[in-house]
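Undergrad: protein_27.cif is reproduced in full below (mmCIF, C-alpha atoms).
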data_coords
loop_
_atom_site.group_PDB
_atom_site.id
_atom_site.type_symbol
_atom_site.label_atom_id
_atom_site.label_comp_id
_atom_site.auth_asym_id
_atom_site.auth_seq_id
_atom_site.Cartn_x
_atom_site.Cartn_y
_atom_site.Cartn_z
ATOM 1 C CA MET A 1179 -8.861 20.070 77.217
ATOM 2 C CA SER A 1180 -5.811 18.856 75.271
ATOM 3 C CA GLN A 1181 -6.319 16.756 72.139
ATOM 4 C CA LEU A 1182 -5.707 13.059 72.588
ATOM 5 C CA LYS A 1183 -2.919 11.562 70.516
ATOM 6 C CA HIS A 1184 -2.000 7.949 69.950
ATOM 7 C CA PRO A 1185 1.743 7.270 70.272
ATOM 8 C CA ALA A 1186 1.568 4.760 67.420
ATOM 9 C CA GLN A 1187 -0.034 7.166 64.943
ATOM 10 C CA SER A 1188 3.324 8.060 63.405
ATOM 11 C CA MET A 1189 3.891 4.398 62.559
ATOM 12 C CA LEU A 1190 1.045 4.553 60.052
ATOM 13 C CA GLU A 1191 2.533 7.509 58.184
ATOM 14 C CA ASN A 1192 5.594 5.786 56.700
ATOM 15 C CA LEU A 1193 4.770 2.158 55.993
ATOM 16 C CA ASN A 1194 7.831 -0.071 55.891
ATOM 17 C CA GLY A 1195 7.987 -2.559 53.018
ATOM 18 C CA PHE A 1196 4.296 -2.540 52.148
ATOM 19 C CA SER A 1197 1.509 -0.248 51.015
ATOM 20 C CA VAL A 1198 -2.249 0.010 51.518
ATOM 21 C CA VAL A 1199 -4.724 0.741 48.735
ATOM 22 C CA ILE A 1200 -8.382 1.391 49.553
ATOM 23 C CA ASP A 1201 -10.955 1.082 46.776
ATOM 24 C CA ALA A 1202 -14.067 2.556 48.376
ATOM 25 C CA ALA A 1203 -16.184 1.849 45.287
ATOM 26 C CA ARG A 1204 -15.494 -1.867 45.691
ATOM 27 C CA GLU A 1205 -15.458 -1.694 49.518
ATOM 28 C CA ARG A 1206 -12.028 -3.293 49.451
ATOM 29 C CA ALA A 1207 -8.618 -2.645 50.982
ATOM 30 C CA ASP A 1208 -5.415 -4.248 49.722
ATOM 31 C CA ILE A 1209 -2.340 -4.632 51.915
ATOM 32 C CA ILE A 1210 0.485 -5.132 49.412
ATOM 33 C CA LEU A 1211 3.837 -6.539 50.555
ATOM 34 C CA ASP A 1212 6.431 -4.730 48.453
ATOM 35 C CA ARG A 1213 10.058 -5.360 49.316
ATOM 36 C CA PRO A 1214 11.366 -7.091 46.179
ATOM 37 C CA PRO A 1215 12.420 -9.640 45.288
ATOM 38 C CA PHE A 1216 11.313 -11.779 48.246
ATOM 39 C CA ASN A 1217 9.213 -9.371 50.332
ATOM 40 C CA ILE A 1218 11.079 -10.049 53.555
ATOM 41 C CA ILE A 1219 9.074 -8.824 56.554
ATOM 42 C CA LEU A 1220 11.112 -6.687 58.962
ATOM 43 C CA MET A 1221 10.455 -6.384 62.689
ATOM 44 C CA PRO A 1222 8.957 -2.838 62.531
ATOM 45 C CA GLN A 1223 6.725 -3.997 59.672
ATOM 46 C CA ARG A 1224 4.988 -6.482 61.974
ATOM 47 C CA ASP A 1225 3.896 -3.703 64.323
ATOM 48 C CA GLN A 1226 2.717 -1.622 61.380
ATOM 49 C CA LEU A 1227 0.751 -4.520 59.892
ATOM 50 C CA ARG A 1228 -1.123 -4.902 63.179
ATOM 51 C CA LEU A 1229 -1.947 -1.204 63.292
ATOM 52 C CA VAL A 1230 -3.101 -1.215 59.661
ATOM 53 C CA PHE A 1231 -5.492 -4.092 60.301
ATOM 54 C CA GLU A 1232 -6.881 -2.272 63.332
ATOM 55 C CA ALA A 1233 -7.330 0.930 61.306
ATOM 56 C CA LEU A 1234 -9.031 -0.885 58.418
ATOM 57 C CA ASP A 1235 -11.313 -2.687 60.855
ATOM 58 C CA GLU A 1236 -12.655 0.725 61.902
ATOM 59 C CA ASP A 1237 -12.982 2.071 58.340
ATOM 60 C CA PRO A 1238 -16.673 1.962 57.290
ATOM 61 C CA SER A 1239 -15.746 2.110 53.590
ATOM 62 C CA VAL A 1240 -13.969 -1.275 53.764
ATOM 63 C CA ARG A 1241 -15.885 -4.560 53.686
ATOM 64 C CA VAL A 1242 -13.126 -7.008 52.689
ATOM 65 C CA ILE A 1243 -9.343 -6.939 53.172
ATOM 66 C CA VAL A 1244 -6.864 -8.614 50.809
ATOM 67 C CA VAL A 1245 -3.246 -9.341 51.700
ATOM 68 C CA ARG A 1246 -1.142 -9.800 48.580
ATOM 69 C CA ALA A 1247 2.355 -9.106 47.322
ATOM 70 C CA ALA A 1248 4.168 -7.456 44.453
ATOM 71 C CA GLY A 1249 6.287 -9.733 42.295
ATOM 72 C CA GLU A 1250 6.697 -13.490 42.046
ATOM 73 C CA HIS A 1251 6.782 -14.304 45.760
ATOM 74 C CA PHE A 1252 4.395 -13.570 48.618
ATOM 75 C CA SER A 1253 7.174 -13.547 51.221
ATOM 76 C CA SER A 1254 10.254 -15.624 51.940
ATOM 77 C CA GLY A 1255 9.800 -14.867 55.645
ATOM 78 C CA GLY A 1256 11.216 -12.574 58.276
ATOM 79 C CA ASP A 1257 14.453 -10.663 58.619
ATOM 80 C CA ILE A 1258 16.804 -13.089 60.366
ATOM 81 C CA LYS A 1259 19.131 -10.317 61.520
ATOM 82 C CA GLY A 1260 16.161 -8.570 63.098
ATOM 83 C CA PHE A 1261 15.489 -11.562 65.369
ATOM 84 C CA MET A 1262 19.009 -11.335 66.794
ATOM 85 C CA GLU A 1263 18.695 -7.603 67.439
ATOM 86 C CA ALA A 1264 15.173 -7.535 68.891
ATOM 87 C CA SER A 1265 14.611 -7.558 72.634
ATOM 88 C CA PRO A 1266 12.890 -10.572 74.283
ATOM 89 C CA GLU A 1267 9.896 -8.327 75.021
ATOM 90 C CA HIS A 1268 9.578 -7.366 71.366
ATOM 91 C CA VAL A 1269 9.917 -10.958 70.216
ATOM 92 C CA SER A 1270 7.176 -11.985 72.651
ATOM 93 C CA LYS A 1271 4.728 -9.816 70.671
ATOM 94 C CA LEU A 1272 5.351 -11.514 67.313
ATOM 95 C CA ALA A 1273 2.385 -13.854 67.485
ATOM 96 C CA TRP A 1274 0.036 -11.068 68.662
ATOM 97 C CA ASN A 1275 0.945 -8.842 65.723
ATOM 98 C CA ILE A 1276 0.635 -11.602 63.124
ATOM 99 C CA ALA A 1277 -2.750 -12.625 64.586
ATOM 100 C CA ALA A 1278 -4.196 -9.234 63.571
ATOM 101 C CA PRO A 1279 -6.081 -10.688 60.547
ATOM 102 C CA THR A 1280 -7.798 -13.183 62.856
ATOM 103 C CA ARG A 1281 -8.846 -10.496 65.337
ATOM 104 C CA CYS A 1282 -10.096 -8.234 62.538
ATOM 105 C CA SER A 1283 -13.890 -8.482 62.348
ATOM 106 C CA LYS A 1284 -13.926 -8.273 58.535
ATOM 107 C CA PRO A 1285 -13.155 -11.084 56.075
ATOM 108 C CA VAL A 1286 -9.448 -11.244 55.218
ATOM 109 C CA ILE A 1287 -8.110 -12.990 52.110
ATOM 110 C CA ALA A 1288 -4.477 -13.944 51.511
ATOM 111 C CA ALA A 1289 -3.512 -14.175 47.832
ATOM 112 C CA ASN A 1290 -0.396 -16.364 47.729
ATOM 113 C CA ARG A 1291 2.111 -17.122 45.004
ATOM 114 C CA GLY A 1292 5.716 -18.269 44.961
ATOM 115 C CA TYR A 1293 7.527 -18.472 48.286
ATOM 116 C CA CYS A 1294 5.236 -18.256 51.303
ATOM 117 C CA PHE A 1295 7.686 -19.084 54.064
ATOM 118 C CA GLY A 1296 7.982 -18.418 57.775
ATOM 119 C CA VAL A 1297 6.084 -15.326 58.851
ATOM 120 C CA GLY A 1298 4.658 -15.039 55.321
ATOM 121 C CA PHE A 1299 2.977 -18.407 55.837
ATOM 122 C CA GLU A 1300 1.996 -17.526 59.409
ATOM 123 C CA LEU A 1301 0.385 -14.265 58.283
ATOM 124 C CA SER A 1302 -1.539 -16.170 55.612
ATOM 125 C CA LEU A 1303 -2.666 -18.806 58.135
ATOM 126 C CA ALA A 1304 -4.078 -15.992 60.297
ATOM 127 C CA CYS A 1305 -6.314 -14.899 57.403
ATOM 128 C CA ASP A 1306 -9.782 -16.339 56.806
ATOM 129 C CA PHE A 1307 -9.182 -17.460 53.213
ATOM 130 C CA ARG A 1308 -6.027 -18.467 51.354
ATOM 131 C CA ILE A 1309 -6.070 -18.496 47.561
ATOM 132 C CA ALA A 1310 -2.929 -20.221 46.339
ATOM 133 C CA SER A 1311 -1.377 -19.995 42.926
ATOM 134 C CA GLU A 1312 -0.020 -23.250 41.527
ATOM 135 C CA THR A 1313 3.434 -21.665 41.972
ATOM 136 C CA THR A 1314 2.947 -21.360 45.742
ATOM 137 C CA LEU A 1315 5.273 -23.144 48.130
ATOM 138 C CA TYR A 1316 4.296 -23.034 51.809
ATOM 139 C CA ALA A 1317 6.940 -23.711 54.463
ATOM 140 C CA LEU A 1318 7.913 -23.142 58.081
ATOM 141 C CA PRO A 1319 11.709 -23.455 57.712
ATOM 142 C CA GLU A 1320 12.739 -22.316 61.204
ATOM 143 C CA GLN A 1321 14.301 -25.707 62.093
ATOM 144 C CA LYS A 1322 17.073 -24.912 59.618
ATOM 145 C CA LEU A 1323 18.007 -22.007 61.894
ATOM 146 C CA GLY A 1324 17.782 -23.979 65.104
ATOM 147 C CA GLN A 1325 14.408 -22.388 65.905
ATOM 148 C CA ILE A 1326 10.692 -23.112 65.792
ATOM 149 C CA PRO A 1327 7.840 -21.009 64.335
ATOM 150 C CA GLY A 1328 7.186 -18.079 66.660
ATOM 151 C CA SER A 1329 4.131 -16.332 65.235
ATOM 152 C CA GLY A 1330 1.451 -18.980 65.589
ATOM 153 C CA GLY A 1331 2.309 -21.033 62.509
ATOM 154 C CA SER A 1332 2.660 -24.489 64.015
ATOM 155 C CA ALA A 1333 -0.344 -23.999 66.299
ATOM 156 C CA ARG A 1334 -2.694 -22.861 63.527
ATOM 157 C CA LEU A 1335 -1.407 -25.480 61.110
ATOM 158 C CA GLN A 1336 -1.998 -28.283 63.605
ATOM 159 C CA LYS A 1337 -5.642 -27.212 63.930
ATOM 160 C CA MET A 1338 -6.001 -27.445 60.146
ATOM 161 C CA VAL A 1339 -4.077 -30.590 59.224
ATOM 162 C CA GLY A 1340 -3.434 -32.494 62.455
ATOM 163 C CA ILE A 1341 -0.290 -33.304 64.388
ATOM 164 C CA THR A 1342 1.205 -35.844 61.955
ATOM 165 C CA ARG A 1343 1.273 -33.509 58.962
ATOM 166 C CA THR A 1344 2.296 -30.547 61.122
ATOM 167 C CA LYS A 1345 5.296 -32.446 62.482
ATOM 168 C CA ASP A 1346 6.198 -33.389 58.917
ATOM 169 C CA ILE A 1347 6.113 -29.721 57.855
ATOM 170 C CA VAL A 1348 7.673 -28.151 60.956
ATOM 171 C CA MET A 1349 10.261 -30.725 62.029
ATOM 172 C CA ARG A 1350 11.501 -31.377 58.474
ATOM 173 C CA SER A 1351 11.086 -27.807 57.158
ATOM 174 C CA ARG A 1352 9.127 -29.304 54.277
ATOM 175 C CA ARG A 1353 7.850 -27.181 51.411
ATOM 176 C CA ILE A 1354 4.202 -27.851 50.535
ATOM 177 C CA PRO A 1355 3.022 -26.948 46.999
ATOM 178 C CA GLY A 1356 -0.212 -25.000 46.610
ATOM 179 C CA LYS A 1357 -2.124 -27.977 45.187
ATOM 180 C CA GLN A 1358 -1.125 -30.171 48.130
ATOM 181 C CA ALA A 1359 -2.043 -27.392 50.543
ATOM 182 C CA TYR A 1360 -5.479 -27.267 48.913
ATOM 183 C CA ASP A 1361 -5.868 -31.051 49.165
ATOM 184 C CA TRP A 1362 -4.940 -30.870 52.857
ATOM 185 C CA GLY A 1363 -7.397 -28.075 53.601
ATOM 186 C CA VAL A 1364 -4.801 -25.332 54.145
ATOM 187 C CA ALA A 1365 -5.659 -23.374 50.998
ATOM 188 C CA THR A 1366 -9.237 -22.406 50.167
ATOM 189 C CA GLU A 1367 -8.517 -22.554 46.440
ATOM 190 C CA CYS A 1368 -5.584 -23.393 44.171
ATOM 191 C CA VAL A 1369 -5.614 -21.722 40.780
ATOM 192 C CA PRO A 1370 -3.225 -21.264 37.834
ATOM 193 C CA ASP A 1371 -0.824 -18.406 38.500
ATOM 194 C CA ALA A 1372 -2.339 -16.202 35.805
ATOM 195 C CA GLU A 1373 -5.760 -16.510 37.467
ATOM 196 C CA LEU A 1374 -4.770 -15.544 41.031
ATOM 197 C CA GLU A 1375 -5.933 -11.926 40.768
ATOM 198 C CA ALA A 1376 -9.221 -12.870 39.073
ATOM 199 C CA ALA A 1377 -9.929 -15.552 41.686
ATOM 200 C CA THR A 1378 -9.239 -13.041 44.448
ATOM 201 C CA ASP A 1379 -11.543 -10.493 42.825
ATOM 202 C CA ARG A 1380 -14.325 -13.067 42.593
ATOM 203 C CA LEU A 1381 -14.069 -13.975 46.254
ATOM 204 C CA VAL A 1382 -14.056 -10.305 47.296
ATOM 205 C CA ASP A 1383 -17.216 -9.633 45.294
ATOM 206 C CA GLU A 1384 -18.878 -12.766 46.629
ATOM 207 C CA LEU A 1385 -18.184 -11.797 50.247
ATOM 208 C CA ARG A 1386 -19.443 -8.257 49.632
ATOM 209 C CA GLY A 1387 -22.818 -9.708 48.681
ATOM 210 C CA PHE A 1388 -23.474 -11.014 52.187
ATOM 211 C CA SER A 1389 -24.646 -9.132 55.264
ATOM 212 C CA PRO A 1390 -21.674 -7.416 56.957
ATOM 213 C CA LEU A 1391 -23.279 -8.125 60.323
ATOM 214 C CA ALA A 1392 -23.765 -11.812 59.553
ATOM 215 C CA GLN A 1393 -20.181 -12.048 58.272
ATOM 216 C CA ARG A 1394 -18.765 -10.452 61.423
ATOM 217 C CA THR A 1395 -20.905 -12.714 63.588
ATOM 218 C CA ALA A 1396 -19.929 -15.874 61.706
ATOM 219 C CA LYS A 1397 -16.215 -15.063 61.876
ATOM 220 C CA LYS A 1398 -16.232 -14.323 65.593
ATOM 221 C CA MET A 1399 -18.389 -17.340 66.379
ATOM 222 C CA LEU A 1400 -16.114 -19.707 64.440
ATOM 223 C CA ASN A 1401 -12.968 -18.223 65.986
ATOM 224 C CA ASP A 1402 -14.417 -18.366 69.493
ATOM 225 C CA THR A 1403 -15.643 -21.960 69.203
ATOM 226 C CA GLU A 1404 -12.564 -23.453 67.526
ATOM 227 C CA ASP A 1405 -11.282 -24.887 70.825
ATOM 228 C CA SER A 1406 -14.598 -25.353 72.634
ATOM 229 C CA PRO A 1407 -16.529 -28.587 73.253
ATOM 230 C CA LEU A 1408 -19.336 -29.313 70.809
ATOM 231 C CA SER A 1409 -22.042 -28.533 73.364
ATOM 232 C CA ILE A 1410 -20.585 -25.073 74.050
ATOM 233 C CA ALA A 1411 -20.164 -24.390 70.326
ATOM 234 C CA ILE A 1412 -23.793 -25.266 69.655
ATOM 235 C CA GLU A 1413 -24.918 -23.097 72.565
ATOM 236 C CA LEU A 1414 -22.955 -20.075 71.302
ATOM 237 C CA GLU A 1415 -24.169 -20.664 67.762
ATOM 238 C CA GLY A 1416 -27.744 -20.558 69.058
ATOM 239 C CA HIS A 1417 -27.169 -17.240 70.854
ATOM 240 C CA CYS A 1418 -25.605 -15.712 67.748
ATOM 241 C CA TYR A 1419 -28.467 -16.967 65.608
ATOM 242 C CA SER A 1420 -30.977 -15.463 68.028
ATOM 243 C CA ARG A 1421 -29.265 -12.057 67.952
ATOM 244 C CA LEU A 1422 -29.174 -11.999 64.154
ATOM 245 C CA ARG A 1423 -32.860 -12.927 64.131
ATOM 246 C CA GLN A 1424 -33.560 -9.381 65.383
ATOM 247 C CA SER A 1425 -31.365 -7.645 62.787
ATOM 248 C CA GLN A 1426 -32.522 -5.465 59.905
ATOM 249 C CA ASP A 1427 -30.274 -7.452 57.574
ATOM 250 C CA PHE A 1428 -32.082 -10.688 58.384
ATOM 251 C CA LYS A 1429 -35.432 -9.026 57.776
ATOM 252 C CA GLU A 1430 -34.127 -7.648 54.475
ATOM 253 C CA GLY A 1431 -32.754 -11.070 53.507
ATOM 254 C CA VAL A 1432 -36.090 -12.769 54.111
ATOM 255 C CA GLU A 1433 -38.036 -10.072 52.254
ATOM 256 C CA ALA A 1434 -35.605 -10.217 49.320
ATOM 257 C CA PHE A 1435 -35.897 -14.016 49.206
ATOM 258 C CA HIS A 1436 -39.686 -13.912 49.031
ATOM 259 C CA GLY A 1437 -39.598 -10.973 46.618
ATOM 260 C CA LYS A 1438 -37.161 -12.820 44.357
ATOM 261 C CA ARG A 1439 -34.742 -9.859 44.317
ATOM 262 C CA PRO A 1440 -31.143 -9.286 45.446
ATOM 263 C CA PRO A 1441 -30.937 -8.181 49.095
ATOM 264 C CA LYS A 1442 -29.567 -4.778 50.058
ATOM 265 C CA PHE A 1443 -27.718 -5.370 53.306
ATOM 266 C CA GLU A 1444 -26.588 -2.472 55.490
ATOM 267 C CA GLY A 1445 -24.870 -4.278 58.328
ATOM 268 C CA LYS A 1446 -27.524 -3.486 60.932
#
Write the structure described by the file as structure tokens, please.

TA:
Amino acid sequence: MSQLKHPAQSMLENLNGFSVVIDAARERADIILDRPPFNIILMPQRDQLRLVFEALDEDPSVRVIVVRAAGEHFSSGGDIKGFMEASPEHVSKLAWNIAAPTRCSKPVIAANRGYCFGVGFELSLACDFRIASETTLYALPEQKLGQIPGSGGSARLQKMVGITRTKDIVMRSRRIPGKQAYDWGVATECVPDAELEAATDRLVDELRGFSPLAQRTAKKMLNDTEDSPLSIAIELEGHCYSRLRQSQDFKEGVEAFHGKRPPKFEGK
């Protein structure tokens, strides 16, 4: 029998404009955008980012994923020339690729500073947590090019801040500072620029302290019920709660609580 090969495997061997660092001791993987000075995201990079998230989702040594960038800016957005050269079929996959952090079963943190425009903002919106430096500027500037956001940005933003604020950001290409994004509920935290790495480290360690199974369940439940009626959301929450009731992690959590000791979760 011939050995199975994935046609996309070669795409993971030469990452384009970013790197991946896995710290098994801290159960953490960092996806680091690294195309200075503005970390522009090219078309092939989008496909690679999706594949990296899928690979990390299957890696048992990784509990939490961080998306961050080298330098002063997270990303000024996509490669404009690449949009003109890409086929309609390729362009139709943009939102699917950038939604990879949402589909990933593990917690994903975006650490933002400086420019976080276009696809950089959309990628961050697809993550579970956004820690913004006070230098952060969020924007969806596509109107200046005669376009609209194409990777889920306006749709996700509207869920977070409502239609009035989304129209203000999208239709005027407005730049939103990190502090304002925090006040509006877009950013999870807003910290001084010098504290961004420390704040990210703290959140990673906090998330690692919870049951991996409960984290996966909570993320999927919240994603799945975002658009559902309240009655359906409550019903699904009940089913998820019931399943976790049978888990070893829940038993360990209860025993640790009564024993007044830290729990040792195994994700089972």

Undergrad: In terms of the shortest atom-to-atom distance over all atoms listed in the file, which of A:Arg1224, A:Arg1204, A:Leu1272, A:Ala1310 is closest to Ser1239 in chain A?

TA: A:Arg1204

Undergrad: Measuring between all atoms listed in the file, which one of A:Gln1424, A:Thr1366, A:Ser1283, A:Gln1321 shows the shortest distance to Ile1347 in chain A?

TA: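 Closest to Ile1347 in chain A of all the choices is A:Gln1321.
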
Undergrad: For the point (6.1, 2.0, 59.2) in file coordinates, what residues are within 12 Å, counting all atoms listed in the file? Give the answer as a ChimeraX atom specification?

TA: /A:1186-1198,1219-1230

Undergrad: Would you write out those residues with C-alpha atoms, as a PDB file, in the frame of the given file?

TA:
ATOM      1  CA  ALA A1186       1.568   4.760  67.420  1.00  0.00           C
ATOM      2  CA  GLN A1187      -0.034   7.166  64.943  1.00  0.00           C
ATOM      3  CA  SER A1188       3.324   8.060  63.405  1.00  0.00           C
ATOM      4  CA  MET A1189       3.891   4.398  62.559  1.00  0.00           C
ATOM      5  CA  LEU A1190       1.045   4.553  60.052  1.00  0.00           C
ATOM      6  CA  GLU A1191       2.533   7.509  58.184  1.00  0.00           C
ATOM      7  CA  ASN A1192       5.594   5.786  56.700  1.00  0.00           C
ATOM      8  CA  LEU A1193       4.770   2.158  55.993  1.00  0.00           C
ATOM      9  CA  ASN A1194       7.831  -0.071  55.891  1.00  0.00           C
ATOM     10  CA  GLY A1195       7.987  -2.559  53.018  1.00  0.00           C
ATOM     11  CA  PHE A1196       4.296  -2.540  52.148  1.00  0.00           C
ATOM     12  CA  SER A1197       1.509  -0.248  51.015  1.00  0.00           C
ATOM     13  CA  VAL A1198      -2.249   0.010  51.518  1.00  0.00           C
ATOM     14  CA  ILE A1219       9.074  -8.824  56.554  1.00  0.00           C
ATOM     15  CA  LEU A1220      11.112  -6.687  58.962  1.00  0.00           C
ATOM     16  CA  MET A1221      10.455  -6.384  62.689  1.00  0.00           C
ATOM     17  CA  PRO A1222       8.957  -2.838  62.531  1.00  0.00           C
ATOM     18  CA  GLN A1223       6.725  -3.997  59.672  1.00  0.00           C
ATOM     19  CA  ARG A1224       4.988  -6.482  61.974  1.00  0.00           C
ATOM     20  CA  ASP A1225       3.896  -3.703  64.323  1.00  0.00           C
ATOM     21  CA  GLN A1226       2.717  -1.622  61.380  1.00  0.00           C
ATOM     22  CA  LEU A1227       0.751  -4.520  59.892  1.00  0.00           C
ATOM     23  CA  ARG A1228      -1.123  -4.902  63.179  1.00  0.00           C
ATOM     24  CA  LEU A1229      -1.947  -1.204  63.292  1.00  0.00           C
ATOM     25  CA  VAL A1230      -3.101  -1.215  59.661  1.00  0.00           C
TER      26      VAL A1230
END

Undergrad: Evaluate the PyMOL selection byres ((chain A and resi 1241-1255) around 7) and record the selected residues as a PyMOL selection string, following the chain and residue labels used in the document.

TA: chain A and resi 1205-1212+1214-1219+1239-1240+1256-1257+1284-1298+1382+1386

Undergrad: Give me the residues within 7 Å of Phe1443 in chain A as a PyMOL selection string, counting all atoms listed in the file and dropping any in the same chain fewer than 3 places off.

TA: chain A and resi 1389+1427+1430

Undergrad: Take every atom of range 1393-1398 of chain A listed in the file, fit an axis-aligned box around them, add 4 Å per side, and give the centre and edge lengths in Å to one decimal as AutoDock Vina command-line options.

TA:
--center_x -18.6 --center_y -13.2 --center_z 61.9 --size_x 12.7 --size_y 13.4 --size_z 15.3

Undergrad: With the file shown as input, list the residues that the PyMOL selection byres ((chain A and resi 1304) around 8) selects, as a ChimeraX atom specification.

TA: /A:1276-1280,1300-1303,1305-1306,1334

Undergrad: Would you tabulate, counting only C-alpha atoms, all residues of range 1275-1326 of chain A that have an atom at most 12 Å from an atom of range 1258-1270 of chain A, showing the closest pair of atoms and their distance in Å to one decimal, sorted by chain then ascending number, as a tab-separated table?

TA:
residue	atom	partner	partner_atom	distance
A:Asn1275	CA	A:Ser1270	CA	9.8
A:Ile1276	CA	A:Ser1270	CA	11.6
A:Gly1296	CA	A:Ile1258	CA	10.6
A:Val1297	CA	A:Ile1258	CA	11.1
A:Pro1319	CA	A:Ile1258	CA	11.9
A:Glu1320	CA	A:Ile1258	CA	10.1
A:Lys1322	CA	A:Ile1258	CA	11.8
A:Leu1323	CA	A:Ile1258	CA	9.1
A:Gly1324	CA	A:Ile1258	CA	11.9
A:Gln1325	CA	A:Phe1261	CA	10.9

Undergrad: Fewer than 4 positions away in the same chain doesn't count, so skip those; otherwise give me all residues within 10 Å of Val1348 in chain A, counting all atoms listed in the file, as a list in words.

TA: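 Skipping anything fewer than 4 positions along the chain leaves Ala1317, Leu1318, Pro1319, Glu1320, Gln1321, Ile1326, Pro1327, Gly1331, Ser1332, Leu1335, Arg1343, Thr1344, Arg1352 and Arg1353 of chain A.
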
Undergrad: Quick one: of A:Gly1363, A:Pro1390, A:Ser1311, A:Trp1274, who's nearest to Thr1378 in chain A, counting only C-alpha atoms?

TA: A:Ser1311

Undergrad: Please write range 1352-1401 of chain A of the preceding block to a file containing C-alpha atoms, as an mmCIF file, in the first residue's frame?

TA:
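For reference, result38.cif as written:
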data_model
loop_
_atom_site.group_PDB
_atom_site.id
_atom_site.type_symbol
_atom_site.label_atom_id
_atom_site.label_comp_id
_atom_site.auth_asym_id
_atom_site.auth_seq_id
_atom_site.Cartn_x
_atom_site.Cartn_y
_atom_site.Cartn_z
ATOM 1 C CA ARG A 1352 -12.053 55.027 10.698
ATOM 2 C CA ARG A 1353 -9.071 54.133 12.856
ATOM 3 C CA ILE A 1354 -10.022 53.014 16.373
ATOM 4 C CA PRO A 1355 -7.371 53.338 19.126
ATOM 5 C CA GLY A 1356 -6.777 50.377 21.426
ATOM 6 C CA LYS A 1357 -8.379 52.081 24.439
ATOM 7 C CA GLN A 1358 -11.545 52.838 22.471
ATOM 8 C CA ALA A 1359 -11.600 49.283 21.148
ATOM 9 C CA TYR A 1360 -11.445 48.062 24.748
ATOM 10 C CA ASP A 1361 -14.266 50.404 25.790
ATOM 11 C CA TRP A 1362 -16.373 49.108 22.892
ATOM 12 C CA GLY A 1363 -15.747 45.461 23.732
ATOM 13 C CA VAL A 1364 -13.498 44.694 20.746
ATOM 14 C CA ALA A 1365 -10.309 44.273 22.776
ATOM 15 C CA THR A 1366 -10.174 42.017 25.829
ATOM 16 C CA GLU A 1367 -7.525 44.204 27.451
ATOM 17 C CA CYS A 1368 -5.662 47.423 26.662
ATOM 18 C CA VAL A 1369 -2.250 47.766 28.252
ATOM 19 C CA PRO A 1370 0.777 50.080 27.976
ATOM 20 C CA ASP A 1371 2.960 49.071 25.045
ATOM 21 C CA ALA A 1372 5.810 47.914 27.271
ATOM 22 C CA GLU A 1373 3.445 45.512 29.061
ATOM 23 C CA LEU A 1374 1.969 43.755 26.003
ATOM 24 C CA GLU A 1375 4.220 40.688 26.220
ATOM 25 C CA ALA A 1376 3.749 40.331 29.992
ATOM 26 C CA ALA A 1377 -0.034 40.652 29.665
ATOM 27 C CA THR A 1378 -0.022 38.005 26.943
ATOM 28 C CA ASP A 1379 2.093 35.688 29.088
ATOM 29 C CA ARG A 1380 -0.310 36.092 32.000
ATOM 30 C CA LEU A 1381 -3.328 35.212 29.899
ATOM 31 C CA VAL A 1382 -1.575 32.158 28.430
ATOM 32 C CA ASP A 1383 -0.717 30.869 31.901
ATOM 33 C CA GLU A 1384 -4.221 31.568 33.163
ATOM 34 C CA LEU A 1385 -5.821 29.623 30.306
ATOM 35 C CA ARG A 1386 -3.413 26.719 30.819
ATOM 36 C CA GLY A 1387 -4.754 26.334 34.348
ATOM 37 C CA PHE A 1388 -8.207 25.308 33.143
ATOM 38 C CA SER A 1389 -9.390 21.947 31.844
ATOM 39 C CA PRO A 1390 -8.496 21.589 28.140
ATOM 40 C CA LEU A 1391 -11.740 19.687 27.619
ATOM 41 C CA ALA A 1392 -13.832 22.372 29.305
ATOM 42 C CA GLN A 1393 -12.041 25.072 27.295
ATOM 43 C CA ARG A 1394 -12.686 23.290 23.996
ATOM 44 C CA THR A 1395 -16.315 22.737 24.949
ATOM 45 C CA ALA A 1396 -16.858 26.351 26.010
ATOM 46 C CA LYS A 1397 -15.312 27.726 22.816
ATOM 47 C CA LYS A 1398 -17.347 25.509 20.511
ATOM 48 C CA MET A 1399 -20.549 26.105 22.451
ATOM 49 C CA LEU A 1400 -20.131 29.894 22.342
ATOM 50 C CA ASN A 1401 -19.241 29.860 18.642
#
